[in-house]
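Colleague: So that you have it, the file is entry_36.cif, and it contains mmCIF, C-alpha atoms:
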data_data
loop_
_atom_site.group_PDB
_atom_site.id
_atom_site.type_symbol
_atom_site.label_atom_id
_atom_site.label_comp_id
_atom_site.auth_asym_id
_atom_site.auth_seq_id
_atom_site.Cartn_x
_atom_site.Cartn_y
_atom_site.Cartn_z
ATOM 1 C CA MET A 1 14.143 11.772 -15.616
ATOM 2 C CA THR A 2 12.390 8.917 -13.828
ATOM 3 C CA PRO A 3 8.983 8.003 -15.272
ATOM 4 C CA LEU A 4 5.931 8.618 -13.134
ATOM 5 C CA ILE A 5 5.176 6.054 -10.474
ATOM 6 C CA THR A 6 2.079 4.054 -11.386
ATOM 7 C CA VAL A 7 -0.242 3.326 -8.479
ATOM 8 C CA GLY A 8 -3.215 1.132 -7.673
ATOM 9 C CA ILE A 9 -5.482 1.893 -4.706
ATOM 10 C CA LEU A 10 -7.390 -1.066 -3.285
ATOM 11 C CA THR A 11 -10.007 -0.397 -0.630
ATOM 12 C CA VAL A 12 -10.957 -3.504 1.322
ATOM 13 C CA SER A 13 -14.413 -3.115 2.847
ATOM 14 C CA ASP A 14 -17.537 -5.265 2.885
ATOM 15 C CA ARG A 15 -19.750 -2.187 3.274
ATOM 16 C CA GLY A 16 -17.821 -0.230 0.646
ATOM 17 C CA ALA A 17 -18.002 -3.079 -1.861
ATOM 18 C CA SER A 18 -21.769 -3.405 -1.353
ATOM 19 C CA GLY A 19 -22.292 0.347 -1.827
ATOM 20 C CA ALA A 20 -23.512 0.817 1.762
ATOM 21 C CA TYR A 21 -20.527 2.999 2.666
ATOM 22 C CA GLU A 22 -18.658 5.689 0.767
ATOM 23 C CA ASP A 23 -14.909 5.052 0.633
ATOM 24 C CA LYS A 24 -13.144 7.898 2.414
ATOM 25 C CA SER A 25 -9.642 6.404 2.718
ATOM 26 C CA GLY A 26 -9.035 5.738 -0.978
ATOM 27 C CA PRO A 27 -9.406 9.446 -1.842
ATOM 28 C CA VAL A 28 -6.914 10.360 0.925
ATOM 29 C CA ILE A 29 -4.388 7.983 -0.648
ATOM 30 C CA GLU A 30 -5.070 9.388 -4.114
ATOM 31 C CA GLN A 31 -4.551 12.960 -2.910
ATOM 32 C CA LEU A 32 -1.203 12.104 -1.306
ATOM 33 C CA VAL A 33 0.196 10.042 -4.172
ATOM 34 C CA THR A 34 -0.832 12.482 -6.900
ATOM 35 C CA GLY A 35 0.270 15.497 -4.842
ATOM 36 C CA PRO A 36 3.525 15.084 -2.895
ATOM 37 C CA LEU A 37 4.526 11.830 -4.643
ATOM 38 C CA LYS A 38 3.542 13.117 -8.120
ATOM 39 C CA ALA A 39 2.448 9.602 -9.093
ATOM 40 C CA THR A 40 -0.367 8.580 -11.386
ATOM 41 C CA VAL A 41 -3.248 6.442 -10.148
ATOM 42 C CA GLN A 42 -3.951 3.863 -12.849
ATOM 43 C CA GLN A 43 -6.265 1.528 -10.940
ATOM 44 C CA LYS A 44 -8.815 1.920 -8.151
ATOM 45 C CA ALA A 45 -11.143 -0.728 -6.781
ATOM 46 C CA ILE A 46 -13.186 -1.670 -3.747
ATOM 47 C CA VAL A 47 -13.402 -5.335 -2.795
ATOM 48 C CA PRO A 48 -15.054 -7.136 0.125
ATOM 49 C CA ASP A 49 -13.062 -8.478 3.075
ATOM 50 C CA GLU A 50 -12.412 -11.816 1.379
ATOM 51 C CA ILE A 51 -8.948 -13.307 0.905
ATOM 52 C CA GLU A 52 -9.602 -14.536 -2.631
ATOM 53 C CA ALA A 53 -11.050 -11.204 -3.849
ATOM 54 C CA ILE A 54 -8.105 -9.255 -2.414
ATOM 55 C CA LYS A 55 -5.540 -11.738 -3.729
ATOM 56 C CA GLN A 56 -6.972 -11.789 -7.256
ATOM 57 C CA MET A 57 -7.050 -7.994 -7.532
ATOM 58 C CA LEU A 58 -3.463 -7.688 -6.267
ATOM 59 C CA LEU A 59 -2.274 -10.356 -8.705
ATOM 60 C CA ARG A 60 -4.054 -8.721 -11.641
ATOM 61 C CA TRP A 61 -2.545 -5.335 -10.881
ATOM 62 C CA VAL A 62 0.940 -6.849 -10.499
ATOM 63 C CA GLU A 63 0.915 -9.354 -13.365
ATOM 64 C CA GLN A 64 -1.277 -7.631 -15.975
ATOM 65 C CA ASP A 65 -1.105 -3.915 -15.197
ATOM 66 C CA LYS A 66 2.536 -3.966 -14.010
ATOM 67 C CA LEU A 67 1.899 -1.229 -11.432
ATOM 68 C CA ASP A 68 4.875 0.127 -9.495
ATOM 69 C CA LEU A 69 3.004 0.548 -6.216
ATOM 70 C CA ILE A 70 -0.206 -0.870 -4.776
ATOM 71 C CA LEU A 71 -1.623 0.693 -1.626
ATOM 72 C CA THR A 72 -4.403 -1.112 0.196
ATOM 73 C CA THR A 73 -6.621 0.403 2.851
ATOM 74 C CA GLY A 74 -8.706 -1.522 5.339
ATOM 75 C CA GLY A 75 -8.790 -5.025 6.731
ATOM 76 C CA THR A 76 -5.618 -4.787 8.825
ATOM 77 C CA GLY A 77 -7.114 -4.917 12.303
ATOM 78 C CA PHE A 78 -8.172 -7.619 14.738
ATOM 79 C CA ALA A 79 -11.780 -8.093 13.580
ATOM 80 C CA PRO A 80 -12.630 -11.578 12.302
ATOM 81 C CA ARG A 81 -13.193 -10.272 8.727
ATOM 82 C CA ASP A 82 -9.854 -8.367 8.642
ATOM 83 C CA VAL A 83 -7.842 -10.519 6.206
ATOM 84 C CA THR A 84 -5.889 -8.055 4.069
ATOM 85 C CA PRO A 85 -2.484 -9.048 5.541
ATOM 86 C CA GLU A 86 -3.180 -12.739 4.940
ATOM 87 C CA ALA A 87 -4.164 -12.084 1.313
ATOM 88 C CA THR A 88 -1.111 -9.854 0.807
ATOM 89 C CA ARG A 89 1.239 -12.528 2.168
ATOM 90 C CA LEU A 90 -0.156 -14.977 -0.411
ATOM 91 C CA VAL A 91 0.890 -12.550 -3.168
ATOM 92 C CA ILE A 92 4.245 -11.096 -2.106
ATOM 93 C CA GLU A 93 7.572 -12.816 -2.683
ATOM 94 C CA LYS A 94 9.623 -10.700 -0.259
ATOM 95 C CA GLU A 95 8.528 -8.732 2.799
ATOM 96 C CA ALA A 96 9.521 -5.100 3.348
ATOM 97 C CA PRO A 97 9.372 -4.860 7.155
ATOM 98 C CA GLY A 98 11.145 -1.502 7.373
ATOM 99 C CA LEU A 99 8.130 0.277 5.880
ATOM 100 C CA VAL A 100 5.798 -1.361 8.406
ATOM 101 C CA PHE A 101 8.200 -0.592 11.261
ATOM 102 C CA ALA A 102 8.362 3.087 10.295
ATOM 103 C CA MET A 103 4.566 3.364 10.092
ATOM 104 C CA LEU A 104 4.042 1.592 13.422
ATOM 105 C CA LYS A 105 6.717 3.691 15.129
ATOM 106 C CA ASP A 106 5.134 6.966 14.037
ATOM 107 C CA SER A 107 1.589 5.739 14.702
ATOM 108 C CA LEU A 108 2.460 4.666 18.258
ATOM 109 C CA ALA A 109 3.460 8.272 18.959
ATOM 110 C CA VAL A 110 -0.156 9.213 18.122
ATOM 111 C CA THR A 111 -2.162 6.357 19.655
ATOM 112 C CA PRO A 112 -1.498 3.132 21.586
ATOM 113 C CA HIS A 113 -4.097 1.475 19.347
ATOM 114 C CA ALA A 114 -1.481 1.447 16.567
ATOM 115 C CA MET A 115 -0.105 -1.753 18.092
ATOM 116 C CA LEU A 116 -3.343 -3.449 17.001
ATOM 117 C CA SER A 117 -2.494 -2.938 13.326
ATOM 118 C CA ARG A 118 -1.360 -5.951 11.320
ATOM 119 C CA MET A 119 -0.068 -4.138 8.226
ATOM 120 C CA VAL A 120 2.153 -5.958 5.747
ATOM 121 C CA ALA A 121 4.440 -4.523 3.069
ATOM 122 C CA GLY A 122 6.247 -6.515 0.435
ATOM 123 C CA ILE A 123 7.365 -7.009 -3.120
ATOM 124 C CA ARG A 124 6.168 -9.184 -5.958
ATOM 125 C CA GLY A 125 8.231 -8.872 -9.097
ATOM 126 C CA GLN A 126 8.772 -5.138 -9.586
ATOM 127 C CA THR A 127 5.704 -4.064 -7.595
ATOM 128 C CA LEU A 128 5.679 -2.810 -4.020
ATOM 129 C CA ILE A 129 2.485 -3.589 -2.068
ATOM 130 C CA VAL A 130 1.757 -1.758 1.192
ATOM 131 C CA ASN A 131 -1.203 -2.326 3.518
ATOM 132 C CA LEU A 132 -2.532 0.791 5.209
ATOM 133 C CA PRO A 133 -5.179 1.043 7.939
ATOM 134 C CA GLY A 134 -8.824 1.700 7.117
ATOM 135 C CA SER A 135 -9.461 5.059 8.759
ATOM 136 C CA PRO A 136 -8.809 8.166 6.637
ATOM 137 C CA LYS A 137 -6.799 9.800 9.460
ATOM 138 C CA ALA A 138 -4.569 6.752 9.968
ATOM 139 C CA VAL A 139 -4.141 6.291 6.201
ATOM 140 C CA GLY A 140 -2.862 9.848 5.846
ATOM 141 C CA GLU A 141 -0.504 9.612 8.812
ATOM 142 C CA ASN A 142 0.949 6.264 7.765
ATOM 143 C CA LEU A 143 1.346 7.151 4.107
ATOM 144 C CA GLU A 144 3.023 10.457 4.953
ATOM 145 C CA THR A 145 5.564 8.497 7.017
ATOM 146 C CA ILE A 146 6.678 6.302 4.101
ATOM 147 C CA LEU A 147 6.216 8.748 1.193
ATOM 148 C CA PRO A 148 9.838 9.991 1.253
ATOM 149 C CA ALA A 149 11.170 6.435 0.711
ATOM 150 C CA LEU A 150 8.762 5.364 -2.040
ATOM 151 C CA PRO A 151 10.422 6.978 -5.111
ATOM 152 C CA HIS A 152 13.767 5.348 -4.318
ATOM 153 C CA ALA A 153 12.065 2.012 -3.583
ATOM 154 C CA VAL A 154 10.366 2.111 -6.990
ATOM 155 C CA GLU A 155 13.621 3.065 -8.743
ATOM 156 C CA LEU A 156 15.354 0.083 -7.143
ATOM 157 C CA LEU A 157 12.529 -2.265 -8.138
ATOM 158 C CA ARG A 158 12.710 -0.987 -11.712
ATOM 159 C CA GLU A 159 16.412 -1.873 -11.655
ATOM 160 C CA ASP A 160 17.280 1.717 -12.504
ATOM 161 C CA PRO A 161 21.112 1.737 -12.775
ATOM 162 C CA LEU A 162 21.307 5.324 -11.484
ATOM 163 C CA ALA A 163 19.247 4.400 -8.417
ATOM 164 C CA ASN A 164 21.475 1.405 -7.741
ATOM 165 C CA LYS A 165 24.633 3.498 -8.211
ATOM 166 C CA HIS A 166 23.235 6.156 -5.854
ATOM 167 C CA HIS A 167 22.205 3.508 -3.350
ATOM 168 C CA LYS A 168 25.638 1.884 -3.294
ATOM 169 C CA ALA A 169 27.323 5.269 -2.799
ATOM 170 C CA GLU A 170 25.332 5.963 0.374
#
Before anything else, please render the file you have as structure tokens.
Modeller:
Amino acid sequence: MTPLITVGILTVSDRGASGAYEDKSGPVIEQLVTGPLKATVQQKAIVPDEIEAIKQMLLRWVEQDKLDLILTTGGTGFAPRDVTPEATRLVIEKEAPGLVFAMLKDSLAVTPHAMLSRMVAGIRGQTLIVNLPGSPKAVGENLETILPALPHAVELLREDPLANKHHKAE
């Protein structure tokens, strides 16, 4: 039996980090990953929209905590302070564009504003990092799109021989 997927949820928000705004997207992520995904949330944090703060938290969760999956919410739009994709690109070693494509495809069926999202997904070591939008509704829709692929992605990153054997047989 595959061990539980370990997850970190990083909310990127100036107002959330200052305490002026209650994070509503992080709890949506937590509900979906602990419910349908049956994962365990090991880390949660809120950081301001600053490249260095985002980068350092991602690196700590990858290098020290060895999380399987990090989901960020916020900072993926066109606003001048939206820098989550830039920070994520500084951390990842390989991009995972299929996840972003799937989320954008499904989101465009809901709203044309989806094309204004600059989400990034990628891998560092054995950790998958996925940027999600900031709104609770968009977070839920996007995460539900990629949830079915996440267990297999984590198995592959863990170098699980059964996952690799199954993958090659497809």
Colleague: With distances taken over only C-alpha atoms, which residue among A:Leu147, A:Ile9, A:Met115, A:Met103 lies nearest Leu58 (chain A)?
Modeller: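 Result for the nearest residue to Leu58 (chain A): A:Ile9.
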Colleague: Go through A:Gly122, A:Gly26, A:Gly35, A:Gly140 one by one, measure the shortest atom-to-atom distance of each to Arg89 (chain A) using only C-alpha atoms, and give the residue with the smallest value.
Modeller: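 Going through A:Gly122, A:Gly26, A:Gly35, A:Gly140 one by one, the smallest distance to Arg89 (chain A) is for A:Gly122.
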Colleague: Point out the residue among A:Gln64, A:Leu10, A:Lys38, A:Ala138 with the least atom-to-atom distance to Thr88 (chain A), counting only C-alpha atoms.
Modeller: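 Smallest separation from Thr88 (chain A) among the options: A:Leu10.
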Colleague: Calculated over all atoms listed in the file, which of the candidates A:Asp68, A:Glu50, A:Glu63, A:Glu144 has the smallest distance to Leu99 (chain A)?
Modeller: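 Closest candidate: A:Glu144.
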Colleague: Kindly extract all protein, DNA and RNA residues lying within 10 Å of the coordinates (7.2, -12.9, -3.9) given in the file, considering all atoms listed in the file, and supply them as a PyMOL selection string.
Modeller: chain A and resi 89-95+122-127
Colleague: Go through the shown structure with the PyMOL selection byres ((chain A and resi 153) around 10) and write out the matching residues as a ChimeraX atom specification.
Modeller: /A:68-69,126-128,148-152,154-159,163
Colleague: Take the PyMOL selection byres ((chain A and resi 5) around 7), run it mentally on this structure, and tell me the resulting residues as a PyMOL selection string.
Modeller: chain A and resi 3-4+6-7+39-40+68
Colleague: Restricting the calculation to all atoms listed in the file: of A:Gly8, A:Pro85, A:Pro27, A:Pro36, which residue gets closest to Lys137 (chain A)?
Modeller: A:Pro27
Colleague: Between CA of Phe78 (chain A) and CA of Arg118 (chain A), what is the distance, to one decimal in Å?
Modeller: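 The value is 7.8 Å.
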Colleague: Which one of A:Pro136, A:Gly98, A:Gly16, A:Pro80 sits closest to Pro48 (chain A) if you count only C-alpha atoms?
Modeller: A:Gly16
Colleague: How many Å lie between CA of Asp65 (chain A) and CA of Val12 (chain A), rounded to one decimal?
Modeller: 19.2 Å
Colleague: If we count all atoms listed in the file and set the cut-off at 10 Å, which residues sit around Gly77 (chain A), ignoring sequence neighbours fewer than 6 positions away in its own chain? Please answer as a PyMOL selection string.
Modeller: chain A and resi 83-85+113-119+133-134
